[in-house]
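Student: File input00.pdb below, PDB, C-alpha atoms:
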ATOM      1  CA  MET T   1     151.492  60.798  69.759
ATOM      2  CA  GLU T   2     153.593  62.225  72.592
ATOM      3  CA  ARG T   3     157.167  63.049  71.573
ATOM      4  CA  ASP T   4     160.005  65.205  72.768
ATOM      5  CA  ASN T   5     159.907  68.149  70.302
ATOM      6  CA  LYS T   6     163.672  68.755  70.357
ATOM      7  CA  THR T   7     164.856  65.229  69.716
ATOM      8  CA  ASN T   8     161.687  63.684  68.263
ATOM      9  CA  ILE T   9     162.020  60.841  70.759
ATOM     10  CA  VAL T  10     158.963  58.887  71.914
ATOM     11  CA  SER T  11     158.029  59.798  75.506
ATOM     12  CA  GLU T  12     155.015  57.504  75.836
ATOM     13  CA  PHE T  13     153.546  54.408  74.205
ATOM     14  CA  ILE T  14     150.060  53.427  73.147
ATOM     15  CA  LEU T  15     148.946  49.943  74.210
ATOM     16  CA  LEU T  16     146.415  48.683  71.664
ATOM     17  CA  GLY T  17     145.292  45.941  74.067
ATOM     18  CA  LEU T  18     143.271  42.867  73.192
ATOM     19  CA  SER T  19     140.728  44.665  71.009
ATOM     20  CA  THR T  20     140.307  48.114  69.447
ATOM     21  CA  ARG T  21     136.524  47.757  69.095
ATOM     22  CA  PRO T  22     134.674  50.065  71.558
ATOM     23  CA  GLU T  23     131.898  47.521  72.166
ATOM     24  CA  ASP T  24     134.472  44.983  73.456
ATOM     25  CA  GLN T  25     135.960  47.198  76.163
ATOM     26  CA  LYS T  26     133.320  46.867  78.918
ATOM     27  CA  PRO T  27     132.929  43.058  78.572
ATOM     28  CA  LEU T  28     136.733  42.702  78.657
ATOM     29  CA  PHE T  29     136.873  44.982  81.710
ATOM     30  CA  ILE T  30     134.318  42.839  83.552
ATOM     31  CA  LEU T  31     136.072  39.601  82.520
ATOM     32  CA  PHE T  32     139.559  40.662  83.633
ATOM     33  CA  LEU T  33     138.300  42.371  86.791
ATOM     34  CA  THR T  34     136.626  39.070  87.739
ATOM     35  CA  ILE T  35     139.804  37.117  86.941
ATOM     36  CA  TYR T  36     141.902  39.577  88.980
ATOM     37  CA  LEU T  37     139.633  39.420  92.034
ATOM     38  CA  ILE T  38     139.548  35.603  91.896
ATOM     39  CA  THR T  39     143.354  35.562  91.610
ATOM     40  CA  LEU T  40     143.775  37.831  94.642
ATOM     41  CA  ALA T  41     141.202  35.940  96.743
ATOM     42  CA  GLY T  42     142.448  32.472  95.781
ATOM     43  CA  ASN T  43     146.146  33.139  96.361
ATOM     44  CA  LEU T  44     145.573  35.106  99.578
ATOM     45  CA  LEU T  45     143.449  32.226 100.844
ATOM     46  CA  ILE T  46     146.244  29.731 100.059
ATOM     47  CA  ILE T  47     148.742  31.883 102.001
ATOM     48  CA  LEU T  48     146.342  32.296 104.930
ATOM     49  CA  VAL T  49     145.540  28.560 105.118
ATOM     50  CA  ILE T  50     149.226  27.556 105.022
ATOM     51  CA  HIS T  51     150.307  30.026 107.705
ATOM     52  CA  SER T  52     147.368  29.259 110.013
ATOM     53  CA  ASP T  53     147.682  25.448 110.013
ATOM     54  CA  PRO T  54     150.658  23.905 111.896
ATOM     55  CA  HIS T  55     150.312  20.699 109.831
ATOM     56  CA  LEU T  56     151.153  22.673 106.669
ATOM     57  CA  GLN T  57     154.470  24.014 107.986
ATOM     58  CA  THR T  58     156.505  21.878 105.587
ATOM     59  CA  PRO T  59     158.901  22.843 102.768
ATOM     60  CA  MET T  60     156.349  22.042 100.027
ATOM     61  CA  TYR T  61     153.763  24.458 101.460
ATOM     62  CA  PHE T  62     156.440  26.989 102.382
ATOM     63  CA  PHE T  63     157.351  27.187  98.670
ATOM     64  CA  LEU T  64     153.697  27.191  97.641
ATOM     65  CA  SER T  65     152.953  30.215  99.843
ATOM     66  CA  PHE T  66     155.751  32.168  98.145
ATOM     67  CA  LEU T  67     154.508  31.037  94.720
ATOM     68  CA  SER T  68     151.061  32.420  95.622
ATOM     69  CA  LEU T  69     152.586  35.698  96.808
ATOM     70  CA  THR T  70     154.595  36.010  93.591
ATOM     71  CA  ASP T  71     151.472  35.272  91.535
ATOM     72  CA  ILE T  72     149.623  38.105  93.281
ATOM     73  CA  CYS T  73     152.452  40.558  92.516
ATOM     74  CA  PHE T  74     152.854  39.222  88.963
ATOM     75  CA  THR T  75     149.174  39.708  88.113
ATOM     76  CA  THR T  76     149.095  43.127  89.804
ATOM     77  CA  THR T  77     151.909  44.259  87.503
ATOM     78  CA  ILE T  78     149.687  43.629  84.474
ATOM     79  CA  VAL T  79     145.929  43.577  85.096
ATOM     80  CA  PRO T  80     145.272  46.969  86.811
ATOM     81  CA  LYS T  81     146.779  48.829  83.823
ATOM     82  CA  MET T  82     144.688  46.666  81.472
ATOM     83  CA  LEU T  83     141.540  47.572  83.430
ATOM     84  CA  VAL T  84     142.325  51.299  83.234
ATOM     85  CA  ASN T  85     142.925  51.074  79.473
ATOM     86  CA  PHE T  86     139.653  49.192  78.875
ATOM     87  CA  LEU T  87     137.761  52.231  80.183
ATOM     88  CA  SER T  88     140.041  54.919  78.723
ATOM     89  CA  GLU T  89     139.968  56.451  75.281
ATOM     90  CA  LYS T  90     143.654  57.333  75.531
ATOM     91  CA  LYS T  91     145.356  53.969  76.121
ATOM     92  CA  THR T  92     148.800  55.334  76.862
ATOM     93  CA  ILE T  93     151.629  54.426  79.197
ATOM     94  CA  SER T  94     154.659  56.613  79.878
ATOM     95  CA  TYR T  95     158.120  55.535  78.737
ATOM     96  CA  ALA T  96     159.242  55.083  82.371
ATOM     97  CA  GLY T  97     155.994  53.286  83.232
ATOM     98  CA  CYS T  98     156.458  50.925  80.297
ATOM     99  CA  LEU T  99     160.015  50.009  81.295
ATOM    100  CA  THR T 100     158.932  49.584  84.930
ATOM    101  CA  GLN T 101     156.127  47.226  83.930
ATOM    102  CA  MET T 102     158.496  45.229  81.738
ATOM    103  CA  TYR T 103     161.063  45.016  84.550
ATOM    104  CA  PHE T 104     158.572  43.516  87.013
ATOM    105  CA  LEU T 105     157.020  41.324  84.302
ATOM    106  CA  TYR T 106     160.345  39.532  83.776
ATOM    107  CA  ALA T 107     161.498  39.658  87.414
ATOM    108  CA  LEU T 108     158.295  38.141  88.807
ATOM    109  CA  GLY T 109     157.697  35.798  85.867
ATOM    110  CA  ASN T 110     161.160  34.297  86.280
ATOM    111  CA  SER T 111     160.673  34.126  90.057
ATOM    112  CA  ASP T 112     157.628  31.954  89.342
ATOM    113  CA  SER T 113     159.780  29.811  87.069
ATOM    114  CA  CYS T 114     162.533  29.381  89.695
ATOM    115  CA  LEU T 115     160.019  28.588  92.442
ATOM    116  CA  LEU T 116     158.453  25.877  90.266
ATOM    117  CA  ALA T 117     161.944  24.387  89.819
ATOM    118  CA  VAL T 118     162.543  24.507  93.590
ATOM    119  CA  MET T 119     159.200  22.788  94.200
ATOM    120  CA  ALA T 120     160.147  20.059  91.706
ATOM    121  CA  PHE T 121     163.439  19.562  93.568
ATOM    122  CA  ASP T 122     161.491  19.303  96.830
ATOM    123  CA  ARG T 123     159.294  16.528  95.370
ATOM    124  CA  TYR T 124     162.407  14.789  93.994
ATOM    125  CA  VAL T 125     164.036  14.690  97.444
ATOM    126  CA  ALA T 126     160.773  13.605  99.139
ATOM    127  CA  ILE T 127     160.239  10.658  96.763
ATOM    128  CA  CYS T 128     163.774   9.641  95.779
ATOM    129  CA  ASN T 129     165.550  10.284  99.077
ATOM    130  CA  PRO T 130     162.829  10.231 101.776
ATOM    131  CA  PHE T 131     165.081   9.181 104.679
ATOM    132  CA  HIS T 132     167.257  12.281 104.272
ATOM    133  CA  TYR T 133     164.412  14.657 103.373
ATOM    134  CA  VAL T 134     164.334  16.448 106.732
ATOM    135  CA  THR T 135     168.080  17.108 106.740
ATOM    136  CA  ILE T 136     168.310  18.084 103.046
ATOM    137  CA  MET T 137     165.217  20.328 103.030
ATOM    138  CA  ASN T 138     165.898  22.018 106.362
ATOM    139  CA  HIS T 139     164.464  25.477 107.047
ATOM    140  CA  HIS T 140     167.752  27.287 106.400
ATOM    141  CA  ARG T 141     168.119  25.679 102.955
ATOM    142  CA  CYS T 142     164.474  26.394 102.106
ATOM    143  CA  VAL T 143     164.962  30.083 102.940
ATOM    144  CA  LEU T 144     168.101  30.194 100.770
ATOM    145  CA  LEU T 145     166.268  28.577  97.838
ATOM    146  CA  VAL T 146     163.390  31.051  98.083
ATOM    147  CA  THR T 147     165.791  33.992  98.452
ATOM    148  CA  PHE T 148     167.693  32.960  95.326
ATOM    149  CA  SER T 149     164.463  32.322  93.381
ATOM    150  CA  CYS T 150     163.117  35.765  94.223
ATOM    151  CA  SER T 151     166.366  37.768  93.844
ATOM    152  CA  PHE T 152     168.314  36.350  90.878
ATOM    153  CA  PRO T 153     165.484  37.046  88.355
ATOM    154  CA  HIS T 154     165.755  40.748  89.227
ATOM    155  CA  LEU T 155     169.333  40.789  87.875
ATOM    156  CA  HIS T 156     168.121  39.134  84.660
ATOM    157  CA  SER T 157     165.283  41.641  84.342
ATOM    158  CA  LEU T 158     167.556  44.593  85.113
ATOM    159  CA  LEU T 159     169.947  43.555  82.334
ATOM    160  CA  HIS T 160     167.204  43.522  79.680
ATOM    161  CA  THR T 161     165.626  46.735  80.978
ATOM    162  CA  LEU T 162     168.941  48.626  80.871
ATOM    163  CA  LEU T 163     169.696  47.341  77.362
ATOM    164  CA  LEU T 164     166.222  48.367  76.202
ATOM    165  CA  ASN T 165     166.737  51.819  77.708
ATOM    166  CA  LEU T 166     169.755  52.279  75.410
ATOM    167  CA  LEU T 167     167.550  51.960  72.323
ATOM    168  CA  THR T 168     166.009  54.922  70.527
ATOM    169  CA  PHE T 169     162.272  55.032  69.793
ATOM    170  CA  CYS T 170     161.593  57.729  67.222
ATOM    171  CA  ASP T 171     159.105  56.296  64.753
ATOM    172  CA  SER T 172     155.907  54.522  65.871
ATOM    173  CA  ASN T 173     154.912  54.422  69.539
ATOM    174  CA  VAL T 174     152.030  51.958  69.092
ATOM    175  CA  ILE T 175     152.533  48.634  70.891
ATOM    176  CA  HIS T 176     150.412  45.840  69.439
ATOM    177  CA  HIS T 177     149.987  44.237  72.827
ATOM    178  CA  PHE T 178     148.181  44.645  76.159
ATOM    179  CA  LEU T 179     151.454  45.020  78.110
ATOM    180  CA  CYS T 180     155.008  46.251  77.681
ATOM    181  CA  ASP T 181     156.835  43.122  76.563
ATOM    182  CA  LEU T 182     160.383  42.954  75.251
ATOM    183  CA  SER T 183     159.717  41.631  71.729
ATOM    184  CA  PRO T 184     157.108  44.199  70.593
ATOM    185  CA  LEU T 185     159.184  47.013  72.113
ATOM    186  CA  ILE T 186     162.328  45.927  70.264
ATOM    187  CA  LYS T 187     160.359  45.863  67.011
ATOM    188  CA  LEU T 188     159.498  49.569  67.543
ATOM    189  CA  SER T 189     163.111  50.688  67.944
ATOM    190  CA  CYS T 190     164.685  52.801  65.198
ATOM    191  CA  SER T 191     168.229  52.031  66.394
ATOM    192  CA  SER T 192     170.226  48.805  66.175
ATOM    193  CA  THR T 193     168.794  45.977  68.302
ATOM    194  CA  PHE T 194     171.597  43.498  67.540
ATOM    195  CA  VAL T 195     172.965  43.412  71.113
ATOM    196  CA  ASN T 196     169.471  43.062  72.590
ATOM    197  CA  GLU T 197     168.612  40.148  70.332
ATOM    198  CA  ILE T 198     171.936  38.387  71.033
ATOM    199  CA  VAL T 199     171.363  38.707  74.804
ATOM    200  CA  ILE T 200     167.782  37.423  74.442
ATOM    201  CA  VAL T 201     168.921  34.382  72.452
ATOM    202  CA  THR T 202     171.811  33.558  74.828
ATOM    203  CA  GLU T 203     171.263  34.809  78.396
ATOM    204  CA  GLY T 204     167.485  35.024  78.051
ATOM    205  CA  ALA T 205     167.130  31.481  76.741
ATOM    206  CA  LEU T 206     169.494  30.187  79.449
ATOM    207  CA  VAL T 207     167.468  31.786  82.253
ATOM    208  CA  LEU T 208     164.221  30.526  80.739
ATOM    209  CA  VAL T 209     165.297  26.955  79.940
ATOM    210  CA  THR T 210     167.526  26.145  82.959
ATOM    211  CA  PRO T 211     164.664  25.942  85.531
ATOM    212  CA  PHE T 212     162.661  23.838  83.074
ATOM    213  CA  LEU T 213     165.580  21.424  82.643
ATOM    214  CA  CYS T 214     165.850  21.149  86.456
ATOM    215  CA  ILE T 215     162.139  20.319  86.590
ATOM    216  CA  ALA T 216     162.481  17.773  83.765
ATOM    217  CA  PHE T 217     165.484  16.111  85.469
ATOM    218  CA  SER T 218     163.600  15.955  88.805
ATOM    219  CA  TYR T 219     160.562  14.317  87.230
ATOM    220  CA  ILE T 220     162.629  11.817  85.233
ATOM    221  CA  ARG T 221     164.286  10.702  88.490
ATOM    222  CA  ILE T 222     160.890  10.635  90.238
ATOM    223  CA  LEU T 223     159.417   8.504  87.432
ATOM    224  CA  ILE T 224     162.314   6.025  87.612
ATOM    225  CA  THR T 225     161.925   5.747  91.392
ATOM    226  CA  VAL T 226     158.125   5.407  91.315
ATOM    227  CA  LEU T 227     158.235   2.662  88.674
ATOM    228  CA  LYS T 228     160.358   0.608  91.064
ATOM    229  CA  ILE T 229     157.640   0.706  93.752
ATOM    230  CA  PRO T 230     155.995  -2.763  93.743
ATOM    231  CA  SER T 231     152.471  -1.827  94.858
ATOM    232  CA  ALA T 232     149.998   0.093  92.701
ATOM    233  CA  ALA T 233     148.793   1.992  95.790
ATOM    234  CA  GLY T 234     152.332   3.170  96.491
ATOM    235  CA  LYS T 235     152.743   4.383  92.917
ATOM    236  CA  CYS T 236     149.447   6.294  93.034
ATOM    237  CA  LYS T 237     150.380   7.926  96.337
ATOM    238  CA  ALA T 238     153.767   9.038  94.976
ATOM    239  CA  PHE T 239     152.268  10.415  91.761
ATOM    240  CA  SER T 240     149.453  12.184  93.649
ATOM    241  CA  THR T 241     151.989  14.400  95.428
ATOM    242  CA  CYS T 242     153.299  15.599  92.050
ATOM    243  CA  GLY T 243     150.109  15.848  89.976
ATOM    244  CA  SER T 244     149.168  19.427  90.894
ATOM    245  CA  HIS T 245     152.687  20.762  90.441
ATOM    246  CA  LEU T 246     153.092  19.015  87.082
ATOM    247  CA  THR T 247     149.784  20.496  85.849
ATOM    248  CA  VAL T 248     150.952  24.017  86.763
ATOM    249  CA  VAL T 249     154.343  23.435  85.089
ATOM    250  CA  ILE T 250     152.729  22.304  81.810
ATOM    251  CA  LEU T 251     150.330  25.279  81.789
ATOM    252  CA  PHE T 252     153.040  27.816  82.646
ATOM    253  CA  TYR T 253     155.922  26.577  80.501
ATOM    254  CA  GLY T 254     153.777  25.506  77.550
ATOM    255  CA  SER T 255     152.567  29.082  77.022
ATOM    256  CA  ILE T 256     155.952  30.677  77.811
ATOM    257  CA  PHE T 257     157.866  28.509  75.342
ATOM    258  CA  TYR T 258     155.272  29.258  72.675
ATOM    259  CA  VAL T 259     155.827  33.005  73.129
ATOM    260  CA  TYR T 260     159.552  33.321  73.781
ATOM    261  CA  LEU T 261     161.308  30.450  71.996
ATOM    262  CA  GLN T 262     160.931  32.146  68.636
ATOM    263  CA  PRO T 263     162.771  34.983  66.858
ATOM    264  CA  VAL T 264     161.717  38.526  67.795
ATOM    265  CA  SER T 265     160.789  39.238  64.173
ATOM    266  CA  THR T 266     158.125  36.486  64.168
ATOM    267  CA  TYR T 267     156.262  37.876  67.207
ATOM    268  CA  THR T 268     152.606  38.443  66.222
ATOM    269  CA  VAL T 269     149.225  39.297  67.717
ATOM    270  CA  LYS T 270     148.476  35.542  67.912
ATOM    271  CA  ASP T 271     150.916  35.334  70.807
ATOM    272  CA  HIS T 272     148.522  37.393  72.969
ATOM    273  CA  ILE T 273     146.517  34.320  73.976
ATOM    274  CA  ALA T 274     149.626  32.445  75.126
ATOM    275  CA  THR T 275     150.773  35.555  77.029
ATOM    276  CA  ILE T 276     147.401  35.784  78.801
ATOM    277  CA  ILE T 277     147.737  32.120  79.853
ATOM    278  CA  TYR T 278     151.089  32.490  81.622
ATOM    279  CA  THR T 279     150.588  36.031  82.962
ATOM    280  CA  VAL T 280     146.933  36.025  84.030
ATOM    281  CA  LEU T 281     145.200  32.645  83.803
ATOM    282  CA  SER T 282     147.927  30.512  85.402
ATOM    283  CA  SER T 283     148.002  32.810  88.463
ATOM    284  CA  MET T 284     144.220  32.480  88.785
ATOM    285  CA  LEU T 285     144.157  28.698  88.278
ATOM    286  CA  ASN T 286     147.089  27.808  90.556
ATOM    287  CA  PRO T 287     145.095  27.971  93.839
ATOM    288  CA  PHE T 288     142.356  25.771  92.349
ATOM    289  CA  ILE T 289     144.831  23.254  90.911
ATOM    290  CA  TYR T 290     146.725  22.919  94.198
ATOM    291  CA  SER T 291     143.707  22.942  96.530
ATOM    292  CA  LEU T 292     141.303  20.710  94.579
ATOM    293  CA  ARG T 293     143.846  17.870  94.388
ATOM    294  CA  ASN T 294     145.347  18.290  97.854
ATOM    295  CA  LYS T 295     143.687  16.751 100.930
ATOM    296  CA  ASP T 296     145.911  18.647 103.377
ATOM    297  CA  LEU T 297     144.991  22.038 101.912
ATOM    298  CA  LYS T 298     141.290  21.115 101.854
ATOM    299  CA  GLN T 299     141.474  20.099 105.507
ATOM    300  CA  GLY T 300     143.354  23.303 106.366
ATOM    301  CA  LEU T 301     140.687  25.344 104.574
ATOM    302  CA  ARG T 302     137.910  23.606 106.524
ATOM    303  CA  LYS T 303     139.723  24.342 109.799
ATOM    304  CA  LEU T 304     140.127  27.996 108.843
ATOM    305  CA  ILE T 305     136.431  28.343 107.940
ATOM    306  CA  SER T 306     135.293  26.576 111.131
ATOM    307  CA  ARG T 307     137.536  28.890 113.211
ATOM    308  CA  ARG T 308     135.964  31.968 111.578
ATOM    309  CA  ARG T 309     132.470  30.683 112.458
ATOM    310  CA  ILE T 310     133.262  30.305 116.164
TER     311      ILE T 310
END
Just give me the structure of the file as structure tokens.

Tutor:
Amino acid sequence: MERDNKTNIVSEFILLGLSTRPEDQKPLFILFLTIYLITLAGNLLIILVIHSDPHLQTPMYFFLSFLSLTDICFTTTIVPKMLVNFLSEKKTISYAGCLTQMYFLYALGNSDSCLLAVMAFDRYVAICNPFHYVTIMNHHRCVLLVTFSCSFPHLHSLLHTLLLNLLTFCDSNVIHHFLCDLSPLIKLSCSSTFVNEIVIVTEGALVLVTPFLCIAFSYIRILITVLKIPSAAGKCKAFSTCGSHLTVVILFYGSIFYVYLQPVSTYTVKDHIATIIYTVLSSMLNPFIYSLRNKDLKQGLRKLISRRRI
């Protein structure tokens, strides 16, 4: 256990990971390396297809390309360190490295959340106000929405990182997790965590729930509008444009709410599975969910492949 000898303060943490059994480490390494490579390839392919096809230069795909980019960064914050620890006997991370990982975990995770809300708003305008869609979702407004979605979460993350840095860690330095998350770190502190927990319950919950409420409001309005469409074909067409996004929202928010909408004291090892879903699996599955149910992306992919063959 690495400590500062003069002050007896923890200078590094031990990440126990998903399993402490030696025989599990290589299979887990292979599994998560495969997931990571698929995530990188899938999301890079989505970005490449969107930017190479003029027919995909619309707000919906503009937002999707940034979601894919954020997913790549989000997964890269977590998985490479996991892979190193799977093959290392000393599964440590420095104090600064731990806080850095946590900062980007919350900044990029909340960027994902905001981008999903922006994409829901885009679908709301397209279905509920189609005649004004071009003027409402103009390029300037799309850039502003993406800029806000990718910058505001950094302020939220900075707040929690600075508050965590004020805590003292002088007892155990063993984190019962595969990453540096806020709840297990707070549980290790030997100083008062009252302010941290109040900020998590108030500001943290507000930042987490607000994008979800925007998504819920958008889909309620979409549902009301679609139900007024007389033809079954029209209803199916309207719903088909939202199906992929709604699937991603359920996967992402279902796991996040399970982990974070509970008191810090109740955080257990069982939450690891839910954390894996929103940090690793959702980033890997997003390209498949969006491409398999989207004719435009499939067509764009075919064009890209045919161009590479020429």

Student: Quick check on the file I pasted: which residues fall under the PyMOL selection byres ((chain T and resi 211) around 12)? Write them as a ChimeraX atom specification.

Tutor: /T:110-121,149,153,205-210,212-218,249,253

Student: For Lys26 in chain T, which residue out of T:Leu159, T:Met82, T:Ala107, T:Leu185 is the nearest one, using only C-alpha atoms?

Tutor: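 Smallest distance to Lys26 in chain T is found for T:Met82.
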
Student: What does the distance from CA of Leu246 in chain T to CA of Tyr219 in chain T come to in Å, to one decimal?

Tutor: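 About the pair CA of Leu246 in chain T and CA of Tyr219 in chain T: they are 8.8 Å apart.
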
Student: Interatomic distance between CA of Ala238 in chain T and CA of Lys295 in chain T?

Tutor: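 If I compute the distance from CA of Ala238 in chain T to CA of Lys295 in chain T, I get 14.0 Å.
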
Student: My list of candidates is T:Asn138, T:Asn165, T:Ser172, T:Ser88. Which is closest to Thr100 in chain T when distances are computed with all atoms listed in the file?

Tutor: T:Asn165

Student: Could you tell me, as a ChimeraX atom specification, exactly which residues end up selected when the PyMOL selection byres ((chain T and resi 76-79) around 10) is applied to this structure?

Tutor: /T:29,32-33,35-36,39-40,70-75,80-85,100-105,108,178-180,276,279-280

Student: For the selection just defined, write its residues with C-alpha atoms to a file, as a tab-separated table (two decimals), keeping the file's coordinate frame.

Tutor:
chain	number	residue	atom	x	y	z
T	29	PHE	CA	136.87	44.98	81.71
T	32	PHE	CA	139.56	40.66	83.63
T	33	LEU	CA	138.30	42.37	86.79
T	35	ILE	CA	139.80	37.12	86.94
T	36	TYR	CA	141.90	39.58	88.98
T	39	THR	CA	143.35	35.56	91.61
T	40	LEU	CA	143.78	37.83	94.64
T	70	THR	CA	154.60	36.01	93.59
T	71	ASP	CA	151.47	35.27	91.54
T	72	ILE	CA	149.62	38.10	93.28
T	73	CYS	CA	152.45	40.56	92.52
T	74	PHE	CA	152.85	39.22	88.96
T	75	THR	CA	149.17	39.71	88.11
T	80	PRO	CA	145.27	46.97	86.81
T	81	LYS	CA	146.78	48.83	83.82
T	82	MET	CA	144.69	46.67	81.47
T	83	LEU	CA	141.54	47.57	83.43
T	84	VAL	CA	142.32	51.30	83.23
T	85	ASN	CA	142.93	51.07	79.47
T	100	THR	CA	158.93	49.58	84.93
T	101	GLN	CA	156.13	47.23	83.93
T	102	MET	CA	158.50	45.23	81.74
T	103	TYR	CA	161.06	45.02	84.55
T	104	PHE	CA	158.57	43.52	87.01
T	105	LEU	CA	157.02	41.32	84.30
T	108	LEU	CA	158.29	38.14	88.81
T	178	PHE	CA	148.18	44.64	76.16
T	179	LEU	CA	151.45	45.02	78.11
T	180	CYS	CA	155.01	46.25	77.68
T	276	ILE	CA	147.40	35.78	78.80
T	279	THR	CA	150.59	36.03	82.96
T	280	VAL	CA	146.93	36.02	84.03

Student: Any chance you could resolve the PyMOL selection byres ((chain T and resi 300) around 9) against this file and give the residues as a list in words?

Tutor: Val49, Ile50, Ser52, Asp53, His55, Leu56, Lys295, Asp296, Leu297, Lys298, Gln299, Leu301, Arg302, Lys303, Leu304 and Ile305 of chain T

Student: May I ask for the distance between CA of Leu188 in chain T and CA of Ile175 in chain T, given in Å to one decimal place?

Tutor: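 Between CA of Leu188 in chain T and CA of Ile175 in chain T the gap is 7.8 Å.
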
Student: Pick out the closest residue to Gly97 in chain T from this set: T:Ser291, T:Glu12, T:Tyr61, T:His160. Count all atoms listed in the file.

Tutor: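 So, comparing all the options, the nearest one is T:Glu12.
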
Student: Residues at most 6 Å from range 284-287 of chain T, counting only C-alpha atoms, excluding those fewer than 2 positions away in the same chain, as a short mmCIF file (atom, residue, chain, number, x, y, z; two decimals) with C-alpha atoms, keeping the file's coordinate frame?

Tutor:
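Contents of selection.cif, as written:
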data_model
loop_
_atom_site.label_atom_id
_atom_site.label_comp_id
_atom_site.auth_asym_id
_atom_site.auth_seq_id
_atom_site.Cartn_x
_atom_site.Cartn_y
_atom_site.Cartn_z
CA THR T 39 143.35 35.56 91.61
CA GLY T 42 142.45 32.47 95.78
CA ASN T 43 146.15 33.14 96.36
CA LEU T 281 145.20 32.65 83.80
CA SER T 282 147.93 30.51 85.40
CA ILE T 289 144.83 23.25 90.91
CA TYR T 290 146.72 22.92 94.20
CA SER T 291 143.71 22.94 96.53
#

Student: Using only C-alpha atoms, determine which residues lie at most 7 Å from Cys128 in chain T, disregarding the query and same-chain residues fewer than 2 positions distant; provide the list as a PyMOL selection string.

Tutor: chain T and resi 124-126+130+222+225

Student: Can you tell me, as a ChimeraX atom specification, what residues are no more than 12 Å from Ser255 in chain T when counting all atoms listed in the file, ignoring any on the same chain fewer than 4 positions away?

Tutor: /T:248-251,259-261,270-282

Student: Would you list the residues near (151.4, 56.4, 77.8), meaning any protein, DNA or RNA residue with an atom at most 9 Å from that point in file coordinates, counting all atoms listed in the file, as a ChimeraX atom specification?

Tutor: /T:2,11-15,90-95,97-98

Student: Specify the axis-aligned box that encloses all atoms of range 16-29 of chain T listed in the file after padding of 8 Å on each side, stating its centre and edge lengths in Å to one decimal as lines of an AutoDock Vina configuration file.

Tutor:
center_x = 139.2
center_y = 46.4
center_z = 75.4
size_x = 30.5
size_y = 23.4
size_z = 28.6

Student: Counting all atoms listed in the file, figure out which residue out of T:Met60, T:Cys236, T:Ile46, T:Leu69 gets nearest to Cys150 in chain T.

Tutor: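 Closest to Cys150 in chain T of all the choices is T:Leu69.
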
Student: Rank nothing, just name the residue among T:Leu163, T:Asn173, T:Asn196, T:Gly109 nearest to Ile256 in chain T, using all atoms listed in the file.

Tutor: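 Counting all atoms listed in the file, the residue closest to Ile256 in chain T is T:Gly109.
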